[in-house]
Amino acid sequence: MSDPDSHNNIRKKRDMADTYDFQEIEQKWQARWETGTYYQAESSSSKPKYYALIEFPYPSSEGLHVGHPRSYVGMDIVARKRRMEGYNVLFPIGWDAFGLPAENYAIKTGIHPRVITRQNIANFRRQLKMLGLSFDWSREVDTTDPNYYKWTQWIFLRLFKRGLAYKAEIPINWCTSCKVGLANEEVVGGVCERCGAPVVRKAKKQWMLAITKYAERLLEDLREVDYLEKIKTQQTNWIGKSYGAELRFEVPAVNRTLSVFTTRPDTIFGATYMVLSPEHPLIEEAIGKVENPDEIRAYQKLAASKSELERTDLAKDKTGVELKGVPAINPATGETIPIWISDYVLISYGTGAIMAVPAHDTRDYEFARKFNLKIVEVISGGDIEKEAYTELDGVMVNSGFLNGMLAKDAISKAIDWFEREGKGERTVNYKLRDWVFSRQRYWGEPIPLVECEKCGWVPIPEEELPVLLPEVESFIPSSEGESLLATLSDWVDTMCPVCGGKAKKETDTMPQWAGSSWYFHRYADPHNDKAFASRANLDYWMPVDWYNGGMEHTTLHLLYSRFWHKFLFDEGLVSTPEPYIKRTSHGMILGADGEKMSKSRGNVVNPDEIVGRFGADTFRVYEMFMGAFDLAAPWSTEGVVGVSRFLNRAWSVMAKVDGNAVPTQEQTRAIHRTIMRVGERIETMKFNTAVSELMTFTSDLLSYDKVPMEMFRTLCILLSPFAPHVTAEMWERTVGEGRVLLEEPWPSFDPELAKAQTVTMAVQINGKLSETISIDWGMTQDDVLKIVHDLPKVKRAIDGKSVKKVIHVPNKIVNLVVK
RNA sequence: GCCUGGGUGGCGGAACUGGUAGACGCAAGGGACUUAAAAUCCCUCGAUCCUCGUGGUCGUACGGGUUCGAUUCCCGUCUCAGGCACCA
């Protein structure tokens, strides 16, 4: 303390000996990589191609979060390994840069979203470069660039021309604060996902994409792809295929039939009432005939004020009103049954109406109990005094021609009957809904259509694309709930491209999902101004070999992008039906408190700070070491210290390298074993154990007086995908000779040599560990038993008893069952 | 309520297709080096009991089961996280 100068000098000397200067080394190598073309994918190559993809980020104003790089570093390791394995690798990056935060900021400050987006991108780019990720920066894409969104509009127009884009008036989620329609997916907890304001339902003409036409193929083709099982399950459940029947019930008062979808037509004799969603069109037809129109109107209004989540919350009490005086007729029993409306039935699933079978459906049971509706048991086996009986292995009762059958057999028989009677038929139903594609926002791709008084909706000619976002001064949206664009009459008023008459531009813009539904195609040919990407480049690079991203995107983004890709396939523009061969996911990085990182919790860790203190290599290795890649893991800056020590230990191996030393047999085994294990663990994304393997190997090397060059080279190569800067420096200083680490081939191993020569075997008596012995690898049971029988503890254990059974698992255990 | 994934030392986490539970790292304690500190290196480190050993018992959320043997498989329960659209 008294003499800071000498203190610092001592410190500096020590640092020279024990630690490396990460700042200097990382700057040096990043500068070298920046000017070189190491990471650029070659457009044509004799090497096999490999396309590694991460989800491109939304460049938020908060900057990079320690969670982002987990996926990037993981795939960077894969990409680097592939390059060393001789592949021509495409590992691109870009920006999913349309989005509400920039627009909300613009509304508040008057600063153009483009300006703030540009700043945010610059910051993200700086942070990503600081981490030494091997992205091909020459292929960067930005969804807000007109040269990019031109093609987003172009793809939309093709969808429109094929009849897959249509306008429909449907109740949508309406954010009372943002004044925009939200997809159901964007409503979280009954409030707007982005602004937190309450969401109500409001009728609005929306552009829709007919993704449901692709439901079957989106489901079927999951068989062909290598996705993690849980991801496939999620896709499958989201698409939600179910087999059942559409049945028609007469409603004499309005002289029409009411269709319902049911998976349980076997219970038809127990259908004692029907329930319509409050938005069901039959209500309008019946409103003049019912005895209680005011009550019904009031209920509809109440339902509209609730979000879908509130409506579907099972814990809440069921509500509803009867359409008094407008009953239906049960086609099987001929009985007159009441029709109710209730918000537990959703207009968006099935036909928006159900036949209620209270005895055998839990929700219907609750509803019937609450409103004292008739409950008729038609399947025996449960106790309908207490609860609904929903099993399929009961026997049919009170069910006419179905009596005596098992419920599961009665399903088909019931449908046969309906088909014969012409009152219904077998159908398949999907949970998947069409995609609401309209947003009443400024900061999105304009939808390139005009509405002509004579011709209706007409596409803007391709050669006029992109339809640019107009320059504006203020970003306040129209209070009518239209986008800001609607207020710009100069922009809106236009000429019909077909008849030349008066027309108006569409003022809705596209959702953020649009740009991200095809960005991976653009990476194949990012600067093309003649096509979204050339066929040759698409054929070369697609499909993506490995796509890693968060679980939160494994339903929507994955499904939407698969849908667009399938559409492009149908248009003959790409040559494979699926865009991604393999899809994996990573776990979230939580705050040190184990909670999700967020500003409000104050537990956000900034990568700049960590990189500044420990360096990028340490940051990268720690992100891989902190826990299983696919599970959530809490951040621990204390834990970073351990990784920092490890890299310094690896650095210090350099001082022991001896070019003349030849690896011993044991050392050769260690080399091969480590190559095998590290390689396997990268391929299976068990990065944390790959790192621990490298730590063990490093400690091994440090235990020798002289480290053979081959061992050192192996360490550098295996560690380089994780810690590219420090290994590059170690390599240059020690191996040198103009050989560049990045261009070294990934080493191969001999599985025979990777085996240990001697192994520790567990000796068990009756399945309990007695002791361990050291034996040669591959020793036979007879030889093992000879050794085991001489062990004093074993002798004592079997004294006076007999060995009933011997279980020998080679190289692992021998178990004596003694009685 | 439904779907998916978890629950292992003080902490983060390992454990191949059922075969020595706790690899690797953090923290902690002890020691070496140092005038001192930092850094570094070495040792100990699941709980508990005793006769302190080359010992006994318990231990992978909980309760059962299968097995020579279960963190791993089966049944049931609790609990945490994420997702959700009452799937009729």
# chains A, B, ... in the order shown; residues from 1 in each chain; ligands from 1
>>> residues_around(residues="Pro751 (chain A)", least_positions_apart="3", cutoff="10 Å", atoms="only C-alpha atoms (C1' of nucleotides)", output="short mmCIF file (atom, residue, chain, number, x, y, z; two decimals) with N, CA and C atoms, in the first residue's frame")
data_model
loop_
_atom_site.label_atom_id
_atom_site.label_comp_id
_atom_site.auth_asym_id
_atom_site.auth_seq_id
_atom_site.Cartn_x
_atom_site.Cartn_y
_atom_site.Cartn_z
N ARG A 669 -2.34 -42.82 -24.98
CA ARG A 669 -3.72 -43.18 -24.62
C ARG A 669 -4.51 -41.94 -24.21
N HIS A 672 -5.57 -39.92 -27.29
CA HIS A 672 -6.68 -40.51 -28.05
C HIS A 672 -7.99 -40.47 -27.28
N ARG A 673 -7.91 -40.73 -25.99
CA ARG A 673 -9.12 -40.71 -25.17
C ARG A 673 -9.72 -39.31 -25.16
N MET A 676 -11.35 -38.40 -28.46
CA MET A 676 -12.63 -39.11 -28.60
C MET A 676 -13.71 -38.43 -27.76
N SER A 748 -7.97 -37.18 -35.53
CA SER A 748 -8.75 -38.41 -35.40
C SER A 748 -8.15 -39.24 -34.27
N ALA A 754 -7.78 -45.50 -27.34
CA ALA A 754 -8.52 -44.66 -26.40
C ALA A 754 -8.94 -45.45 -25.16
N LYS A 755 -8.85 -46.77 -25.25
CA LYS A 755 -9.22 -47.60 -24.11
C LYS A 755 -8.15 -47.55 -23.03
#
>>> residues_around(residues="Tyr20 (chain A)", least_positions_apart="4", cutoff="12 Å", atoms="only C-alpha atoms (C1' of nucleotides)", output="ChimeraX atom specification")
/A:12-16,24-26,614-615,617-618,644-654,725-727,729-730
>>> write_last_selection(atoms="N, CA and C atoms", output="short mmCIF file (atom, residue, chain, number, x, y, z; two decimals), in the first residue's frame")
data_model
loop_
_atom_site.label_atom_id
_atom_site.label_comp_id
_atom_site.auth_asym_id
_atom_site.auth_seq_id
_atom_site.Cartn_x
_atom_site.Cartn_y
_atom_site.Cartn_z
N LYS A 12 3.06 -7.02 -11.87
CA LYS A 12 3.21 -7.18 -13.31
C LYS A 12 4.12 -8.37 -13.62
N LYS A 13 5.21 -8.46 -12.88
CA LYS A 13 6.13 -9.58 -13.09
C LYS A 13 5.43 -10.91 -12.87
N ARG A 14 4.69 -10.95 -11.79
CA ARG A 14 3.96 -12.19 -11.47
C ARG A 14 2.98 -12.52 -12.59
N ASP A 15 2.28 -11.48 -13.02
CA ASP A 15 1.28 -11.70 -14.07
C ASP A 15 1.92 -12.29 -15.32
N MET A 16 3.11 -11.78 -15.61
CA MET A 16 3.81 -12.27 -16.79
C MET A 16 4.05 -13.77 -16.66
N GLU A 24 -4.60 -8.08 -24.77
CA GLU A 24 -3.69 -7.92 -25.89
C GLU A 24 -3.89 -9.04 -26.91
N ILE A 25 -3.98 -10.27 -26.40
CA ILE A 25 -4.09 -11.43 -27.29
C ILE A 25 -5.41 -11.41 -28.05
N GLU A 26 -6.49 -11.09 -27.36
CA GLU A 26 -7.79 -11.11 -28.03
C GLU A 26 -7.88 -10.02 -29.09
N PHE A 614 -12.43 -10.69 -17.47
CA PHE A 614 -11.84 -12.02 -17.62
C PHE A 614 -11.43 -12.36 -19.05
N GLY A 615 -11.93 -11.59 -20.01
CA GLY A 615 -11.61 -11.89 -21.40
C GLY A 615 -12.70 -12.73 -22.06
N ASP A 617 -12.41 -15.38 -24.05
CA ASP A 617 -12.24 -16.84 -23.99
C ASP A 617 -12.84 -17.39 -22.70
N THR A 618 -12.53 -16.72 -21.60
CA THR A 618 -13.07 -17.17 -20.32
C THR A 618 -14.59 -17.10 -20.34
N SER A 644 -11.32 -19.08 -15.63
CA SER A 644 -10.19 -18.20 -15.88
C SER A 644 -8.89 -18.89 -15.42
N ARG A 645 -8.93 -19.52 -14.28
CA ARG A 645 -7.76 -20.27 -13.79
C ARG A 645 -7.39 -21.37 -14.75
N PHE A 646 -8.41 -22.04 -15.23
CA PHE A 646 -8.17 -23.15 -16.16
C PHE A 646 -7.42 -22.67 -17.41
N LEU A 647 -7.86 -21.56 -17.99
CA LEU A 647 -7.19 -21.09 -19.22
C LEU A 647 -5.76 -20.65 -18.93
N ASN A 648 -5.56 -20.09 -17.75
CA ASN A 648 -4.19 -19.73 -17.39
C ASN A 648 -3.32 -20.96 -17.18
N ARG A 649 -3.93 -22.00 -16.67
CA ARG A 649 -3.17 -23.26 -16.51
C ARG A 649 -2.82 -23.83 -17.88
N ALA A 650 -3.78 -23.75 -18.80
CA ALA A 650 -3.51 -24.23 -20.15
C ALA A 650 -2.36 -23.42 -20.77
N TRP A 651 -2.39 -22.12 -20.53
CA TRP A 651 -1.33 -21.24 -21.02
C TRP A 651 0.03 -21.66 -20.44
N SER A 652 0.03 -22.02 -19.18
CA SER A 652 1.29 -22.33 -18.53
C SER A 652 1.87 -23.68 -18.98
N VAL A 653 1.06 -24.49 -19.67
CA VAL A 653 1.59 -25.74 -20.22
C VAL A 653 2.71 -25.42 -21.22
N MET A 654 2.54 -24.29 -21.90
CA MET A 654 3.47 -23.88 -22.94
C MET A 654 4.92 -23.91 -22.45
N HIS A 725 -8.96 -17.49 -29.05
CA HIS A 725 -7.88 -16.49 -29.04
C HIS A 725 -6.63 -17.04 -28.36
N VAL A 726 -6.80 -17.50 -27.14
CA VAL A 726 -5.62 -17.91 -26.38
C VAL A 726 -4.93 -19.11 -27.03
N THR A 727 -5.73 -20.00 -27.60
CA THR A 727 -5.12 -21.17 -28.24
C THR A 727 -4.37 -20.76 -29.50
N GLU A 729 -2.79 -18.00 -29.94
CA GLU A 729 -1.52 -17.42 -29.49
C GLU A 729 -0.55 -18.51 -29.02
N MET A 730 -1.08 -19.46 -28.25
CA MET A 730 -0.24 -20.56 -27.76
C MET A 730 0.36 -21.32 -28.94
#
>>> interface_residues(of="chain B", to="chain A", cutoff="12 Å", atoms="only C-alpha atoms (C1' of nucleotides)", output="PDB file with C-alpha atoms (C1' of nucleotides), in the first residue's frame")
ATOM      1  C1'   G B   1     -56.531 -28.044 -15.524  1.00  0.00           C
ATOM      2  C1'   C B   2     -53.352 -29.798 -19.759  1.00  0.00           C
ATOM      3  C1'   C B   3     -48.406 -30.388 -22.175  1.00  0.00           C
ATOM      4  C1'   U B   4     -43.037 -30.494 -21.683  1.00  0.00           C
ATOM      5  C1'   G B   5     -38.718 -30.597 -18.765  1.00  0.00           C
ATOM      6  C1'   G B   6     -36.543 -30.754 -13.919  1.00  0.00           C
ATOM      7  C1'   C B  11     -23.227 -24.140  -4.362  1.00  0.00           C
ATOM      8  C1'   G B  12     -23.108 -25.030 -10.234  1.00  0.00           C
ATOM      9  C1'   G B  13     -23.269 -29.689 -11.809  1.00  0.00           C
ATOM     10  C1'   A B  14     -21.142 -35.382 -13.486  1.00  0.00           C
ATOM     11  C1'   A B  15     -22.660 -40.569 -13.949  1.00  0.00           C
ATOM     12  C1'   C B  16     -22.381 -44.598 -21.321  1.00  0.00           C
ATOM     13  C1'   G B  18     -29.698 -50.661 -15.018  1.00  0.00           C
ATOM     14  C1'   G B  19     -23.413 -51.846 -12.830  1.00  0.00           C
ATOM     15  C1'   U B  20     -18.038 -48.356  -7.811  1.00  0.00           C
ATOM     16  C1'   A B  23     -16.292 -36.405 -12.329  1.00  0.00           C
ATOM     17  C1'   C B  24     -15.037 -31.182 -13.282  1.00  0.00           C
ATOM     18  C1'   G B  25     -15.484 -26.477 -11.040  1.00  0.00           C
ATOM     19  C1'   C B  26     -16.919 -22.841  -7.024  1.00  0.00           C
ATOM     20  C1'   A B  27     -16.982 -21.892  -1.880  1.00  0.00           C
ATOM     21  C1'   A B  36       2.964  -9.364   4.483  1.00  0.00           C
ATOM     22  C1'   A B  37      -0.934  -9.654   1.004  1.00  0.00           C
ATOM     23  C1'   A B  38      -2.392 -11.167  -3.854  1.00  0.00           C
ATOM     24  C1'   A B  39      -1.324 -14.955  -7.238  1.00  0.00           C
ATOM     25  C1'   U B  40       0.280 -19.981  -7.524  1.00  0.00           C
ATOM     26  C1'   C B  41       1.024 -25.030  -5.756  1.00  0.00           C
ATOM     27  C1'   U B  54      -8.434 -51.452   4.826  1.00  0.00           C
ATOM     28  C1'   U B  67     -33.923 -56.708 -10.115  1.00  0.00           C
ATOM     29  C1'   C B  68     -28.159 -60.034  -7.885  1.00  0.00           C
ATOM     30  C1'   G B  69     -27.897 -54.652  -8.334  1.00  0.00           C
ATOM     31  C1'   A B  70     -32.065 -48.605  -9.380  1.00  0.00           C
ATOM     32  C1'   C B  80     -40.121 -26.194  -9.108  1.00  0.00           C
ATOM     33  C1'   A B  81     -39.567 -24.061 -14.022  1.00  0.00           C
ATOM     34  C1'   G B  82     -41.264 -23.140 -18.913  1.00  0.00           C
ATOM     35  C1'   G B  83     -45.329 -23.418 -22.399  1.00  0.00           C
ATOM     36  C1'   C B  84     -50.745 -23.265 -23.070  1.00  0.00           C
ATOM     37  C1'   A B  85     -55.609 -22.637 -27.126  1.00  0.00           C
ATOM     38  C1'   C B  86     -61.128 -25.709 -21.327  1.00  0.00           C
ATOM     39  C1'   C B  87     -58.866 -29.917 -27.790  1.00  0.00           C
ATOM     40  C1'   A B  88     -65.173 -30.853 -26.901  1.00  0.00           C
TER      41        A B  88
END
>>> select_by_dssp(residues="region 376-605 of chain A", states="strand (DSSP E)", output="ChimeraX atom specification")
/A:379-380,395-396,424-430,435-436,449-452,456-459,493-495,502-505,546-550,582-586,589-590
>>> write_last_selection(atoms="N, CA, C and O atoms", output="compact mmCIF listing (two decimals), in the first residue's frame")
# COMPACT_ATOMS: atom_id res chain seq x y z
N ILE A 379 -72.42 -44.22 -20.28
CA ILE A 379 -71.36 -45.21 -20.18
C ILE A 379 -71.28 -45.60 -18.71
O ILE A 379 -71.13 -44.73 -17.85
N SER A 380 -71.38 -46.91 -18.44
CA SER A 380 -71.32 -47.32 -17.05
C SER A 380 -69.86 -47.54 -16.65
O SER A 380 -69.00 -47.75 -17.49
N VAL A 395 -69.03 -49.61 -20.48
CA VAL A 395 -70.02 -50.21 -21.38
C VAL A 395 -71.18 -49.23 -21.60
O VAL A 395 -71.63 -48.57 -20.66
N MET A 396 -71.63 -49.14 -22.86
CA MET A 396 -72.68 -48.20 -23.22
C MET A 396 -74.02 -48.61 -22.59
O MET A 396 -74.40 -49.77 -22.64
N GLY A 424 -74.28 -36.40 -40.32
CA GLY A 424 -72.92 -36.12 -39.85
C GLY A 424 -71.94 -37.01 -40.55
O GLY A 424 -72.33 -37.90 -41.30
N GLU A 425 -70.65 -36.71 -40.38
CA GLU A 425 -69.62 -37.55 -40.97
C GLU A 425 -68.31 -37.47 -40.20
O GLU A 425 -68.11 -36.58 -39.41
N ARG A 426 -67.49 -38.48 -40.52
CA ARG A 426 -66.15 -38.52 -39.94
C ARG A 426 -65.38 -37.29 -40.37
O ARG A 426 -65.40 -36.91 -41.53
N THR A 427 -64.63 -36.70 -39.46
CA THR A 427 -63.74 -35.59 -39.84
C THR A 427 -62.48 -35.64 -39.00
O THR A 427 -62.41 -36.33 -37.99
N VAL A 428 -61.53 -34.90 -39.49
CA VAL A 428 -60.30 -34.69 -38.74
C VAL A 428 -60.29 -33.22 -38.40
O VAL A 428 -60.67 -32.39 -39.21
N ASN A 429 -59.89 -32.91 -37.21
CA ASN A 429 -59.85 -31.51 -36.80
C ASN A 429 -58.45 -31.18 -36.29
O ASN A 429 -57.78 -32.04 -35.76
N TYR A 430 -58.03 -29.96 -36.53
CA TYR A 430 -56.73 -29.52 -36.05
C TYR A 430 -56.92 -28.35 -35.11
O TYR A 430 -57.78 -27.50 -35.33
N TRP A 435 -53.06 -17.96 -39.44
CA TRP A 435 -52.09 -17.02 -38.86
C TRP A 435 -52.56 -15.59 -39.13
O TRP A 435 -52.68 -15.18 -40.28
N VAL A 436 -52.83 -14.85 -38.06
CA VAL A 436 -53.20 -13.44 -38.21
C VAL A 436 -51.96 -12.66 -38.61
O VAL A 436 -50.99 -12.60 -37.86
N LEU A 449 -50.39 -4.42 -51.07
CA LEU A 449 -51.66 -4.59 -51.78
C LEU A 449 -52.39 -3.25 -51.80
O LEU A 449 -52.18 -2.42 -50.91
N VAL A 450 -53.23 -3.08 -52.82
CA VAL A 450 -54.11 -1.90 -52.82
C VAL A 450 -55.55 -2.38 -52.96
O VAL A 450 -55.81 -3.45 -53.52
N GLU A 451 -56.44 -1.59 -52.41
CA GLU A 451 -57.84 -1.91 -52.55
C GLU A 451 -58.45 -0.94 -53.56
O GLU A 451 -58.46 0.28 -53.35
N CYS A 452 -58.92 -1.51 -54.68
CA CYS A 452 -59.48 -0.72 -55.76
C CYS A 452 -60.99 -0.77 -55.64
O CYS A 452 -61.57 -1.80 -55.32
N GLY A 456 -61.23 -4.60 -56.31
CA GLY A 456 -61.00 -5.25 -55.02
C GLY A 456 -59.53 -5.23 -54.66
O GLY A 456 -58.81 -4.30 -55.02
N TRP A 457 -59.09 -6.26 -53.94
CA TRP A 457 -57.69 -6.29 -53.48
C TRP A 457 -56.78 -6.71 -54.63
O TRP A 457 -56.96 -7.76 -55.23
N VAL A 458 -55.80 -5.84 -54.94
CA VAL A 458 -54.92 -6.05 -56.08
C VAL A 458 -53.48 -5.94 -55.61
O VAL A 458 -53.13 -5.02 -54.86
N PRO A 459 -52.63 -6.87 -56.05
CA PRO A 459 -51.22 -6.77 -55.66
C PRO A 459 -50.51 -5.63 -56.37
O PRO A 459 -50.80 -5.34 -57.52
N ASP A 493 -53.46 7.11 -50.85
CA ASP A 493 -54.19 7.25 -52.11
C ASP A 493 -53.28 6.92 -53.28
O ASP A 493 -52.18 7.45 -53.41
N THR A 494 -53.78 6.05 -54.12
CA THR A 494 -52.94 5.59 -55.23
C THR A 494 -53.83 5.17 -56.38
O THR A 494 -55.05 5.37 -56.36
N MET A 495 -53.19 4.58 -57.37
CA MET A 495 -53.92 4.17 -58.57
C MET A 495 -53.96 2.66 -58.62
O MET A 495 -52.99 2.01 -58.26
N LYS A 502 -59.15 4.80 -58.97
CA LYS A 502 -58.77 5.17 -57.61
C LYS A 502 -58.61 3.94 -56.73
O LYS A 502 -59.45 3.02 -56.79
N ALA A 503 -57.56 3.97 -55.94
CA ALA A 503 -57.35 2.83 -55.03
C ALA A 503 -56.63 3.33 -53.79
O ALA A 503 -56.07 4.43 -53.78
N LYS A 504 -56.68 2.50 -52.75
CA LYS A 504 -55.99 2.86 -51.49
C LYS A 504 -55.02 1.75 -51.11
O LYS A 504 -55.36 0.56 -51.20
N LYS A 505 -53.85 2.18 -50.65
CA LYS A 505 -52.88 1.18 -50.17
C LYS A 505 -53.36 0.57 -48.86
O LYS A 505 -53.97 1.24 -48.04
N TRP A 546 -27.94 -27.73 -39.11
CA TRP A 546 -28.16 -27.76 -37.66
C TRP A 546 -28.63 -26.38 -37.23
O TRP A 546 -27.93 -25.40 -37.47
N TYR A 547 -29.80 -26.33 -36.63
CA TYR A 547 -30.39 -25.07 -36.19
C TYR A 547 -30.60 -25.16 -34.68
O TYR A 547 -31.34 -26.02 -34.22
N ASN A 548 -29.94 -24.28 -33.96
CA ASN A 548 -30.17 -24.27 -32.51
C ASN A 548 -30.85 -22.96 -32.11
O ASN A 548 -30.50 -21.89 -32.60
N GLY A 549 -31.79 -23.08 -31.19
CA GLY A 549 -32.48 -21.89 -30.70
C GLY A 549 -33.19 -22.18 -29.40
O GLY A 549 -33.11 -23.29 -28.87
N GLY A 550 -33.87 -21.19 -28.90
CA GLY A 550 -34.53 -21.33 -27.61
C GLY A 550 -35.83 -22.12 -27.71
O GLY A 550 -36.48 -22.14 -28.74
N LYS A 582 -31.77 -30.61 -38.63
CA LYS A 582 -31.64 -30.90 -37.21
C LYS A 582 -31.97 -29.65 -36.41
O LYS A 582 -31.54 -28.56 -36.77
N ARG A 583 -32.72 -29.82 -35.34
CA ARG A 583 -33.05 -28.68 -34.49
C ARG A 583 -32.84 -29.07 -33.03
O ARG A 583 -33.35 -30.09 -32.57
N THR A 584 -32.08 -28.24 -32.33
CA THR A 584 -31.86 -28.47 -30.90
C THR A 584 -32.22 -27.19 -30.17
O THR A 584 -32.46 -26.16 -30.80
N SER A 585 -32.23 -27.26 -28.85
CA SER A 585 -32.52 -26.05 -28.10
C SER A 585 -31.62 -25.94 -26.88
O SER A 585 -31.12 -26.94 -26.38
N HIS A 586 -31.42 -24.73 -26.44
CA HIS A 586 -30.57 -24.48 -25.28
C HIS A 586 -31.43 -23.97 -24.13
O HIS A 586 -32.52 -23.44 -24.35
N ILE A 589 -30.28 -18.81 -19.46
CA ILE A 589 -29.34 -18.44 -18.40
C ILE A 589 -30.09 -17.54 -17.43
O ILE A 589 -30.66 -16.53 -17.81
N LEU A 590 -30.12 -17.97 -16.18
CA LEU A 590 -30.86 -17.24 -15.15
C LEU A 590 -29.92 -16.32 -14.39
O LEU A 590 -28.69 -16.47 -14.46
>>> residues_around(residues="C58 (chain B)", least_positions_apart="4", cutoff="12 Å", atoms="only C-alpha atoms (C1' of nucleotides)", output="list in words")
G46, A47, U48 and C49 of chain B
>>> residues_around(residues="U77 (chain B)", least_positions_apart="5", cutoff="12 Å", atoms="only C-alpha atoms (C1' of nucleotides)", output="list in words")
A61, C62, G63 and G64 of chain B
>>> atom_distance(atom1="CA of Lys423 (chain A)", atom2="CA of Arg248 (chain A)")
5.4 Å
>>> atom_distance(atom1="CA of Ser534 (chain A)", atom2="CA of Phe563 (chain A)")
20.0 Å
>>> residues_around(residues="U71 (chain B)", least_positions_apart="6", cutoff="10 Å", atoms="only C-alpha atoms (C1' of nucleotides)", output="list in words")
U8, A15, A21 and U60 of chain B
>>> decode(residues="region 484-495 of chain A", atoms="N, CA, C and O atoms", output="mmCIF file, in the first residue's frame")
data_model
loop_
_atom_site.group_PDB
_atom_site.id
_atom_site.type_symbol
_atom_site.label_atom_id
_atom_site.label_comp_id
_atom_site.auth_asym_id
_atom_site.auth_seq_id
_atom_site.Cartn_x
_atom_site.Cartn_y
_atom_site.Cartn_z
ATOM 1 N N LEU A 484 -50.335 4.219 -38.147
ATOM 2 C CA LEU A 484 -49.941 5.568 -38.509
ATOM 3 C C LEU A 484 -50.091 5.798 -40.018
ATOM 4 O O LEU A 484 -50.451 6.883 -40.479
ATOM 5 N N LEU A 485 -49.822 4.747 -40.802
ATOM 6 C CA LEU A 485 -49.872 4.871 -42.259
ATOM 7 C C LEU A 485 -51.234 5.364 -42.736
ATOM 8 O O LEU A 485 -51.327 6.093 -43.734
ATOM 9 N N ALA A 486 -52.284 4.998 -42.021
ATOM 10 C CA ALA A 486 -53.639 5.361 -42.438
ATOM 11 C C ALA A 486 -53.862 6.869 -42.402
ATOM 12 O O ALA A 486 -54.766 7.390 -43.042
ATOM 13 N N THR A 487 -53.029 7.560 -41.638
ATOM 14 C CA THR A 487 -53.203 9.007 -41.522
ATOM 15 C C THR A 487 -52.511 9.759 -42.657
ATOM 16 O O THR A 487 -52.651 10.962 -42.788
ATOM 17 N N LEU A 488 -51.745 9.042 -43.477
ATOM 18 C CA LEU A 488 -50.957 9.702 -44.528
ATOM 19 C C LEU A 488 -51.673 9.562 -45.865
ATOM 20 O O LEU A 488 -51.405 8.652 -46.630
ATOM 21 N N SER A 489 -52.572 10.493 -46.153
ATOM 22 C CA SER A 489 -53.403 10.322 -47.348
ATOM 23 C C SER A 489 -52.573 10.324 -48.635
ATOM 24 O O SER A 489 -52.885 9.620 -49.585
ATOM 25 N N ASP A 490 -51.469 11.073 -48.641
ATOM 26 C CA ASP A 490 -50.603 11.083 -49.826
ATOM 27 C C ASP A 490 -50.073 9.695 -50.134
ATOM 28 O O ASP A 490 -49.883 9.320 -51.288
ATOM 29 N N TRP A 491 -49.792 8.997 -49.071
ATOM 30 C CA TRP A 491 -49.226 7.659 -49.226
ATOM 31 C C TRP A 491 -50.320 6.642 -49.552
ATOM 32 O O TRP A 491 -50.140 5.763 -50.387
ATOM 33 N N VAL A 492 -51.449 6.817 -48.885
ATOM 34 C CA VAL A 492 -52.532 5.841 -49.017
ATOM 35 C C VAL A 492 -53.190 5.897 -50.397
ATOM 36 O O VAL A 492 -53.423 4.861 -51.025
ATOM 37 N N ASP A 493 -53.461 7.108 -50.845
ATOM 38 C CA ASP A 493 -54.189 7.248 -52.115
ATOM 39 C C ASP A 493 -53.282 6.916 -53.284
ATOM 40 O O ASP A 493 -52.185 7.451 -53.410
ATOM 41 N N THR A 494 -53.779 6.046 -54.118
ATOM 42 C CA THR A 494 -52.943 5.590 -55.226
ATOM 43 C C THR A 494 -53.832 5.168 -56.377
ATOM 44 O O THR A 494 -55.051 5.367 -56.356
ATOM 45 N N MET A 495 -53.190 4.580 -57.369
ATOM 46 C CA MET A 495 -53.922 4.174 -58.570
ATOM 47 C C MET A 495 -53.964 2.665 -58.618
ATOM 48 O O MET A 495 -52.994 2.006 -58.262
#
